[in-house]
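Undergrad: query.txt (compact mmCIF, C-alpha atoms) pasted underneath:
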# COMPACT_ATOMS: atom_id res chain seq x y z
CA MET A 1 -2.90 20.18 1.00
CA SER A 2 -4.81 18.41 -1.80
CA HIS A 3 -8.53 17.89 -1.39
CA ALA A 4 -9.51 14.37 -0.29
CA TYR A 5 -12.16 12.31 1.40
CA ARG A 6 -10.81 10.21 4.26
CA LEU A 7 -12.54 6.97 5.16
CA VAL A 8 -11.45 5.64 8.56
CA VAL A 9 -12.62 2.23 9.78
CA SER A 10 -12.27 0.06 12.88
CA CYS A 11 -14.06 -3.28 13.15
CA PRO A 12 -13.78 -6.93 14.18
CA ASP A 13 -11.28 -8.62 11.86
CA GLN A 14 -12.52 -11.09 9.26
CA VAL A 15 -11.99 -12.16 5.69
CA GLY A 16 -13.14 -9.82 2.94
CA ILE A 17 -13.08 -6.36 4.54
CA VAL A 18 -10.49 -4.83 2.20
CA ALA A 19 -12.10 -6.39 -0.85
CA ARG A 20 -15.58 -5.20 0.13
CA VAL A 21 -14.53 -1.62 0.90
CA SER A 22 -12.24 -1.31 -2.13
CA THR A 23 -14.91 -2.69 -4.44
CA PHE A 24 -17.45 -0.23 -3.04
CA ILE A 25 -15.13 2.72 -3.70
CA ALA A 26 -14.41 1.46 -7.23
CA GLU A 27 -18.15 1.13 -7.88
CA GLN A 28 -18.52 4.83 -7.03
CA GLY A 29 -15.74 5.61 -9.53
CA GLY A 30 -13.39 6.46 -6.66
CA TRP A 31 -9.62 6.66 -6.98
CA ILE A 32 -7.83 5.61 -3.78
CA THR A 33 -4.74 7.81 -3.42
CA GLU A 34 -3.51 6.37 -0.09
CA ALA A 35 -4.36 3.12 1.69
CA ASN A 36 -3.39 1.97 5.18
CA GLN A 37 -4.48 -1.23 6.94
CA HIS A 38 -3.54 -3.04 10.14
CA SER A 39 -4.76 -6.27 11.74
CA ASP A 40 -4.30 -6.53 15.50
CA LEU A 41 -4.07 -10.30 15.80
CA GLY A 42 -4.19 -10.26 19.59
CA ALA A 43 -7.32 -8.12 19.77
CA GLY A 44 -8.92 -9.56 16.61
CA ARG A 45 -9.45 -6.02 15.36
CA PHE A 46 -8.95 -4.49 11.91
CA PHE A 47 -8.09 -0.84 11.19
CA MET A 48 -8.19 0.98 7.86
CA ARG A 49 -7.63 4.48 6.50
CA TYR A 50 -8.27 5.37 2.85
CA GLU A 51 -7.78 8.70 1.10
CA ILE A 52 -10.00 9.10 -1.95
CA ASN A 53 -9.88 11.69 -4.72
CA PRO A 54 -13.32 13.43 -4.53
CA GLU A 55 -13.22 14.52 -8.17
CA THR A 56 -13.38 10.88 -9.29
CA ILE A 57 -16.57 10.23 -7.31
CA GLY A 58 -18.77 13.27 -7.89
CA LEU A 59 -20.51 12.81 -4.53
CA SER A 60 -20.46 14.85 -1.36
CA ALA A 61 -18.79 13.29 1.68
CA ASP A 62 -22.22 13.02 3.31
CA GLU A 63 -23.66 11.16 0.34
CA LEU A 64 -20.64 8.86 0.19
CA GLY A 65 -21.18 8.10 3.87
CA LYS A 66 -24.86 7.31 3.34
CA ARG A 67 -23.98 4.84 0.58
CA PHE A 68 -21.26 3.27 2.73
CA ALA A 69 -23.48 2.87 5.81
CA PRO A 70 -24.84 -0.61 4.88
CA ILE A 71 -21.26 -1.94 4.65
CA GLY A 72 -20.49 -0.41 8.02
CA GLU A 73 -23.46 -2.21 9.49
CA GLU A 74 -22.60 -5.47 7.74
CA PHE A 75 -19.10 -5.58 9.28
CA SER A 76 -20.00 -3.97 12.65
CA MET A 77 -17.72 -1.05 11.85
CA GLN A 78 -16.92 2.12 13.70
CA TRP A 79 -16.32 4.43 10.77
CA ARG A 80 -16.33 8.00 9.55
CA VAL A 81 -15.85 9.94 6.33
CA HIS A 82 -14.10 13.31 6.56
CA ASP A 83 -13.94 15.92 3.82
CA THR A 84 -10.58 17.71 4.11
CA ALA A 85 -12.19 20.86 2.68
CA ALA A 86 -13.78 21.28 6.13
CA LYS A 87 -10.82 22.23 8.30
CA LYS A 88 -10.89 20.99 11.88
CA ARG A 89 -11.22 23.67 14.55
CA VAL A 90 -8.51 23.47 17.24
CA VAL A 91 -8.70 25.36 20.54
CA LEU A 92 -5.29 25.82 22.16
CA MET A 93 -4.83 26.08 25.92
CA VAL A 94 -1.64 27.34 27.57
CA SER A 95 -0.30 28.56 30.92
CA LYS A 96 3.04 30.41 31.16
CA ASP A 97 5.46 28.26 29.13
CA SER A 98 5.29 29.56 25.58
CA HIS A 99 7.45 27.16 23.55
CA CYS A 100 4.73 24.74 22.42
CA LEU A 101 2.23 27.53 21.74
CA VAL A 102 4.74 29.55 19.70
CA ASP A 103 5.66 26.48 17.65
CA LEU A 104 2.03 25.55 16.92
CA LEU A 105 1.11 29.12 15.95
CA HIS A 106 4.08 29.28 13.57
CA ARG A 107 3.16 25.93 11.99
CA TRP A 108 -0.47 27.05 11.67
CA GLN A 109 0.46 30.39 10.12
CA SER A 110 2.84 28.73 7.64
CA GLY A 111 0.20 26.18 6.62
CA ASP A 112 2.07 23.23 8.10
CA LEU A 113 -0.94 22.52 10.35
CA ASP A 114 -4.09 22.43 8.24
CA CYS A 115 -6.69 23.64 10.72
CA GLU A 116 -8.49 26.67 12.11
CA ILE A 117 -7.66 28.09 15.55
CA PRO A 118 -10.80 29.87 16.78
CA CYS A 119 -9.21 30.93 20.09
CA VAL A 120 -6.54 30.41 22.73
CA ILE A 121 -7.52 29.95 26.39
CA SER A 122 -5.12 30.54 29.28
CA ASN A 123 -5.20 30.68 33.07
CA HIS A 124 -2.61 33.49 32.83
CA ASP A 125 -2.56 36.67 30.76
CA ASP A 126 1.09 36.40 29.66
CA MET A 127 0.46 35.16 26.10
CA ARG A 128 -2.22 37.68 25.13
CA SER A 129 -0.07 39.95 22.95
CA LEU A 130 1.53 36.98 21.15
CA VAL A 131 -1.83 35.38 20.37
CA GLU A 132 -3.56 38.60 19.35
CA TRP A 133 -0.61 39.48 17.08
CA HIS A 134 -1.60 36.35 15.13
CA GLY A 135 -5.16 37.66 14.88
CA ILE A 136 -6.58 34.99 17.16
CA PRO A 137 -8.97 35.75 20.08
CA PHE A 138 -7.37 35.27 23.52
CA HIS A 139 -9.42 34.36 26.60
CA HIS A 140 -7.94 34.78 30.07
CA VAL A 141 -9.71 32.42 32.47
CA PRO A 142 -8.00 32.49 35.90
CA VAL A 143 -8.33 29.32 37.98
CA ASP A 144 -8.96 29.64 41.71
CA LYS A 145 -7.10 26.75 43.34
CA ASN A 146 -9.76 26.63 46.07
CA ASP A 147 -12.68 26.41 43.64
CA LYS A 148 -11.83 25.44 40.07
CA ALA A 149 -15.37 24.63 38.94
CA PRO A 150 -16.37 28.16 37.79
CA ALA A 151 -13.22 28.51 35.69
CA PHE A 152 -13.72 25.20 33.92
CA ALA A 153 -17.38 25.94 33.39
CA GLU A 154 -16.23 29.05 31.51
CA VAL A 155 -13.59 27.05 29.63
CA GLU A 156 -16.24 24.55 28.55
CA ARG A 157 -18.52 27.39 27.44
CA LEU A 158 -15.75 28.97 25.36
CA VAL A 159 -14.82 25.64 23.78
CA GLU A 160 -18.45 24.95 22.88
CA GLU A 161 -18.90 28.49 21.56
CA SER A 162 -15.82 27.98 19.37
CA ARG A 163 -17.33 24.80 17.88
CA ALA A 164 -14.07 23.03 18.63
CA ASP A 165 -13.29 19.69 17.01
CA CYS A 166 -10.16 19.31 19.10
CA ILE A 167 -8.49 20.83 22.17
CA VAL A 168 -4.71 20.95 22.57
CA LEU A 169 -3.05 21.51 25.94
CA ALA A 170 0.09 23.32 24.82
CA ARG A 171 1.66 23.21 28.30
CA TYR A 172 -1.57 24.06 30.11
CA MET A 173 -0.69 23.33 33.72
CA GLN A 174 -4.09 22.51 35.20
CA ILE A 175 -5.82 19.16 35.62
CA ILE A 176 -8.76 18.88 33.23
CA PRO A 177 -12.04 17.92 34.96
CA PRO A 178 -13.63 14.53 34.14
CA SER A 179 -16.63 16.12 32.41
CA LEU A 180 -14.43 17.80 29.81
CA CYS A 181 -12.29 14.65 29.39
CA GLU A 182 -15.40 12.60 28.73
CA ARG A 183 -17.03 15.08 26.39
CA TYR A 184 -13.89 15.44 24.24
CA ALA A 185 -12.62 11.87 24.55
CA GLY A 186 -10.22 11.19 21.68
CA ARG A 187 -10.15 14.90 20.84
CA LEU A 188 -8.23 16.34 23.82
CA ILE A 189 -4.45 16.24 23.30
CA ASN A 190 -1.69 16.85 25.84
CA ILE A 191 2.12 16.88 25.96
CA HIS A 192 4.29 16.02 28.93
CA HIS A 193 7.95 15.33 29.62
CA SER A 194 9.27 11.79 29.97
CA PHE A 195 10.17 11.96 33.65
CA LEU A 196 6.79 11.03 35.08
CA PRO A 197 6.27 9.47 37.54
CA SER A 198 9.90 9.68 38.71
CA PHE A 199 10.23 13.47 38.91
CA VAL A 200 6.93 15.02 39.87
CA GLY A 201 6.39 18.70 40.61
CA ALA A 202 8.46 21.81 39.97
CA LYS A 203 11.62 21.83 37.83
CA PRO A 204 11.55 18.20 36.63
CA TYR A 205 14.54 18.73 34.34
CA HIS A 206 16.60 19.99 37.26
CA GLN A 207 15.52 16.98 39.28
CA ALA A 208 16.55 14.73 36.40
CA PHE A 209 19.89 16.51 36.11
CA GLY A 210 20.50 15.74 39.78
CA ARG A 211 19.98 12.05 39.04
CA GLY A 212 22.20 12.02 35.96
CA VAL A 213 19.54 10.98 33.44
CA LYS A 214 20.74 9.88 30.01
CA LEU A 215 17.58 10.38 27.96
CA ILE A 216 15.31 13.39 27.58
CA GLY A 217 11.92 12.63 26.09
CA ALA A 218 8.31 13.70 25.65
CA THR A 219 4.94 12.00 25.18
CA CYS A 220 1.94 13.30 23.24
CA HIS A 221 -1.28 11.59 24.28
CA TYR A 222 -5.03 11.86 24.50
CA VAL A 223 -6.31 13.09 27.86
CA THR A 224 -8.38 10.82 30.08
CA GLU A 225 -9.55 11.10 33.68
CA GLU A 226 -6.41 9.22 34.76
CA LEU A 227 -3.67 11.84 34.74
CA ASP A 228 -1.10 11.46 31.91
CA ALA A 229 -2.23 7.88 31.26
CA GLY A 230 -4.32 8.25 28.10
CA PRO A 231 -3.66 6.62 24.69
CA ILE A 232 -0.22 7.61 23.40
CA ILE A 233 -0.04 9.27 19.98
CA GLU A 234 3.69 10.00 19.65
CA GLN A 235 6.94 9.93 21.65
CA ASP A 236 10.55 10.93 21.05
CA ILE A 237 13.83 11.12 22.93
CA HIS A 238 17.19 12.90 22.85
CA ARG A 239 20.30 11.42 24.46
CA VAL A 240 22.20 13.57 26.96
CA THR A 241 25.40 13.10 28.97
CA HIS A 242 27.13 14.36 32.09
CA CYS A 243 28.45 17.24 29.97
CA HIS A 244 25.01 18.85 29.71
CA THR A 245 23.94 21.41 32.30
CA ALA A 246 20.48 21.52 33.86
CA GLU A 247 19.63 24.53 31.66
CA GLU A 248 20.66 22.59 28.55
CA LEU A 249 18.38 19.75 29.60
CA VAL A 250 15.51 22.24 29.80
CA ARG A 251 16.31 23.55 26.31
CA ILE A 252 16.56 20.05 24.83
CA GLY A 253 13.35 19.03 26.56
CA ARG A 254 11.47 21.98 25.13
CA ASP A 255 12.69 21.13 21.62
CA VAL A 256 11.50 17.54 21.98
CA GLU A 257 8.14 18.61 23.42
CA GLN A 258 7.51 20.98 20.48
CA LYS A 259 8.29 18.36 17.84
CA VAL A 260 6.31 15.58 19.48
CA LEU A 261 3.22 17.74 20.06
CA ALA A 262 3.30 19.08 16.49
CA ARG A 263 3.58 15.59 15.01
CA GLY A 264 0.83 14.24 17.24
CA LEU A 265 -1.54 17.07 16.36
CA ARG A 266 -0.76 16.82 12.64
CA TRP A 267 -1.52 13.10 12.61
CA HIS A 268 -4.75 13.72 14.51
CA LEU A 269 -5.80 16.41 12.03
CA GLN A 270 -5.04 14.03 9.17
CA ASP A 271 -7.20 11.26 10.70
CA ARG A 272 -4.15 9.03 11.03
CA VAL A 273 -4.78 8.10 14.67
CA LEU A 274 -7.28 5.37 15.57
CA ILE A 275 -7.98 4.59 19.22
CA HIS A 276 -8.64 1.10 20.51
CA GLY A 277 -8.96 0.82 24.27
CA ASN A 278 -6.02 2.65 25.80
CA LYS A 279 -3.70 2.38 22.80
CA THR A 280 -3.53 3.90 19.35
CA ILE A 281 -2.88 2.74 15.80
CA VAL A 282 -1.06 5.55 13.98
CA PHE A 283 -0.86 5.41 10.18
CA ALA A 284 2.01 7.89 9.97
So, in terms of structure tokens, how does the structure I just supplied come out?
TA:
Amino acid sequence: MSHAYRLVVSCPDQVGIVARVSTFIAEQGGWITEANQHSDLGAGRFFMRYEINPETIGLSADELGKRFAPIGEEFSMQWRVHDTAAKKRVVLMVSKDSHCLVDLLHRWQSGDLDCEIPCVISNHDDMRSLVEWHGIPFHHVPVDKNDKAPAFAEVERLVEESRADCIVLARYMQIIPPSLCERYAGRLINIHHSFLPSFVGAKPYHQAFGRGVKLIGATCHYVTEELDAGPIIEQDIHRVTHCHTAEELVRIGRDVEQKVLARGLRWHLQDRVLIHGNKTIVFA
């Protein structure tokens, strides 16, 4: 991927934001290579994402941010500047289902996901050989169903030690404690099938088959304390019929989950997802 600075902005909507920001970048000699804007008329909120060619500016991302700060204050902005040369560090967490993990590792190895993976954490030891084959440290942290606190204390220690920018639950089948949700708010990504809350528990695709569902889908979202109710990043569906078996529904569901999680993570890594309340603006 080409080197860029990304300026991401969220602020109360008003006249002159685009002109002020664009003029500032031009005054630094900056060449805007991609521009995205959205006004949420109902919320009165404005969202912006600019990609800037660093070679046209001759400033570090930190220095650019310092010069931009007065504008951020003037417009009451929530903003950040990210230098794409600093790859985000993504910790993956998994249980026994391997399909999402395998897909993400392949995309990472091929360069499709521009990030670093400092480690994989699992409550089972099944994926160790796969992960270590990729040259990535694997941490087995069993979770005692009667006392989960020690396990998640260790998970939090490992995540902090890894200097993680983002955590991805690649079919990690444990409920994340509120402390971790709060600490990594907007940086903790999950994937789940589309059958919640209708088919809860074991074998949801088999339950859905028994009801004759017509759509298989998946949702990628940020994790909050409220289970599977965080801001949605991406969703997709696949139509099925009475001709499909329960096993085919499982296969189709896994395919959809992989694609949706990969797209959601990619957009997060590219700073294309802005959160406002419990919804997202995605400049995809």
Undergrad: Using all atoms listed in the file, can you tell me which of A:Ala246, A:Leu261, A:Ile275, A:Val141 comes closest to Gln78 (chain A)?
TA: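 For Gln78 (chain A), the nearest of the candidates is A:Ile275.
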Undergrad: Met127 (chain A): which residues within 9 Å, counting only C-alpha atoms, same-chain residues fewer than 3 positions away excluded, as a PyMOL selection string?
TA: chain A and resi 94-96+98+101+122+124+130-132+138
Undergrad: Quick one: distance from CA of Met48 (chain A) to CA of Val18 (chain A) in Å, one decimal?
TA: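 One can read the CA of Met48 (chain A) to CA of Val18 (chain A) distance as 8.4 Å.
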Undergrad: Using only C-alpha atoms, pick whichever of A:Arg263, A:His139, A:Arg49, A:His3 has the shortest atom-to-atom distance to Asp236 (chain A).
TA: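 Among the listed residues, the smallest separation from Asp236 (chain A) belongs to A:Arg263.
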Undergrad: Between A:Asp40, A:Asp126, A:Glu51, A:Glu27, which is the closest to Asp271 (chain A) once you count only C-alpha atoms?
TA: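 Counting only C-alpha atoms, the residue closest to Asp271 (chain A) is A:Glu51.
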Undergrad: Any idea what the distance is between CA of Thr224 (chain A) and CA of Lys145 (chain A)?
TA: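 CA of Thr224 (chain A) sits 20.8 Å away from CA of Lys145 (chain A).
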Undergrad: Scan for residues within 9 Å of the point (13.8, 20.4, 30.5) in the coordinates of the file, using only C-alpha atoms, and reply as JSON, numbers by chain.
TA: {"A": [193, 203, 204, 205, 206, 208, 216, 246, 247, 248, 249, 250, 251, 252, 253, 254, 255]}
Undergrad: Could you pull the residues within 8 Å of region 155-161 of chain A, counting all atoms listed in the file, minus those fewer than 3 positions along the same chain, as a list in words?
TA: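 Answer for this query is Val91, Ile121, Val141, Ala151, Phe152, Ala164 and Leu180 of chain A.
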Undergrad: Please report the interatomic distance between CA of Glu116 (chain A) and CA of Tyr184 (chain A) in Å with one decimal.
TA: 17.4 Å
Undergrad: Pick the closest to Phe24 (chain A) from A:Ile52, A:Val240, A:Leu41, A:Cys11: which is it, counting only C-alpha atoms?
TA: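 When distances to Phe24 (chain A) are compared using only C-alpha atoms, the smallest one comes from A:Ile52.
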Undergrad: For Ser60 (chain A), find every residue with an atom within 12 Å (counting only C-alpha atoms), except residues of its own chain fewer than 3 positions away, and show them as a list in words.
TA: Ala4, Tyr5, Gln28, Ile52, Asn53, Pro54, Glu55, Thr56, Ile57, Glu63, Leu64, Gly65, Lys66, Arg67, Val81, His82, Asp83, Thr84, Ala85 and Ala86 of chain A
Undergrad: Quick one: of A:His268, A:Val120, A:Ala202, A:Glu257, who's nearest to Gly186 (chain A), counting all atoms listed in the file?
TA: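 Residue with the minimum atom-to-atom distance to Gly186 (chain A): A:His268.
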Undergrad: If we count only C-alpha atoms, what is near Ile17 (chain A) at a cut-off of 9 Å, once residues fewer than 5 positions away on the same chain are taken out, given as number ranges by chain?
TA: A: 22, 46, 75
Undergrad: Give the answer as one residue: which of A:Phe283, A:Tyr50, A:Tyr172, A:Trp108 has the shortest atom-to-atom distance to Val90 (chain A), using only C-alpha atoms?
TA: A:Trp108
Undergrad: So which residues touch Gly264 (chain A) within 6 Å, counting only C-alpha atoms, skipping near sequence neighbours fewer than 3 positions away, as a PDB file with C-alpha atoms, keeping the file's coordinate frame?
TA:
ATOM      1  CA  ILE A 233      -0.040   9.270  19.980  1.00  0.00           C
ATOM      2  CA  GLU A 234       3.690  10.000  19.650  1.00  0.00           C
ATOM      3  CA  LEU A 261       3.220  17.740  20.060  1.00  0.00           C
ATOM      4  CA  TRP A 267      -1.520  13.100  12.610  1.00  0.00           C
TER       5      TRP A 267
END
Undergrad: Could you put an axis-aligned box around every listed atom of region 175-193 of chain A, padded by 5 Å on each side, and send me its centre and edge lengths in Å to one decimal, as AutoDock Vina command-line options?
TA:
--center_x -4.5 --center_y 15.2 --center_z 28.2 --size_x 35.0 --size_y 18.0 --size_z 24.8
Undergrad: Taking the point (-2.1, -0.1, 15.8) as given in the file, collect each protein or nucleic acid residue that comes within 12 Å of it, counting all atoms listed in the file, and present the set as an NGL selection string.
TA: :A and (10 or 36-49 or 231-233 or 272-284)
Undergrad: Go ahead and write the residues just picked, C-alpha atoms, as an mmCIF file, in the frame of the given file.
TA:
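Output saved as again_4.cif:
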data_model
loop_
_atom_site.group_PDB
_atom_site.id
_atom_site.type_symbol
_atom_site.label_atom_id
_atom_site.label_comp_id
_atom_site.auth_asym_id
_atom_site.auth_seq_id
_atom_site.Cartn_x
_atom_site.Cartn_y
_atom_site.Cartn_z
ATOM 1 C CA SER A 10 -12.270 0.060 12.880
ATOM 2 C CA ASN A 36 -3.390 1.970 5.180
ATOM 3 C CA GLN A 37 -4.480 -1.230 6.940
ATOM 4 C CA HIS A 38 -3.540 -3.040 10.140
ATOM 5 C CA SER A 39 -4.760 -6.270 11.740
ATOM 6 C CA ASP A 40 -4.300 -6.530 15.500
ATOM 7 C CA LEU A 41 -4.070 -10.300 15.800
ATOM 8 C CA GLY A 42 -4.190 -10.260 19.590
ATOM 9 C CA ALA A 43 -7.320 -8.120 19.770
ATOM 10 C CA GLY A 44 -8.920 -9.560 16.610
ATOM 11 C CA ARG A 45 -9.450 -6.020 15.360
ATOM 12 C CA PHE A 46 -8.950 -4.490 11.910
ATOM 13 C CA PHE A 47 -8.090 -0.840 11.190
ATOM 14 C CA MET A 48 -8.190 0.980 7.860
ATOM 15 C CA ARG A 49 -7.630 4.480 6.500
ATOM 16 C CA PRO A 231 -3.660 6.620 24.690
ATOM 17 C CA ILE A 232 -0.220 7.610 23.400
ATOM 18 C CA ILE A 233 -0.040 9.270 19.980
ATOM 19 C CA ARG A 272 -4.150 9.030 11.030
ATOM 20 C CA VAL A 273 -4.780 8.100 14.670
ATOM 21 C CA LEU A 274 -7.280 5.370 15.570
ATOM 22 C CA ILE A 275 -7.980 4.590 19.220
ATOM 23 C CA HIS A 276 -8.640 1.100 20.510
ATOM 24 C CA GLY A 277 -8.960 0.820 24.270
ATOM 25 C CA ASN A 278 -6.020 2.650 25.800
ATOM 26 C CA LYS A 279 -3.700 2.380 22.800
ATOM 27 C CA THR A 280 -3.530 3.900 19.350
ATOM 28 C CA ILE A 281 -2.880 2.740 15.800
ATOM 29 C CA VAL A 282 -1.060 5.550 13.980
ATOM 30 C CA PHE A 283 -0.860 5.410 10.180
ATOM 31 C CA ALA A 284 2.010 7.890 9.970
#
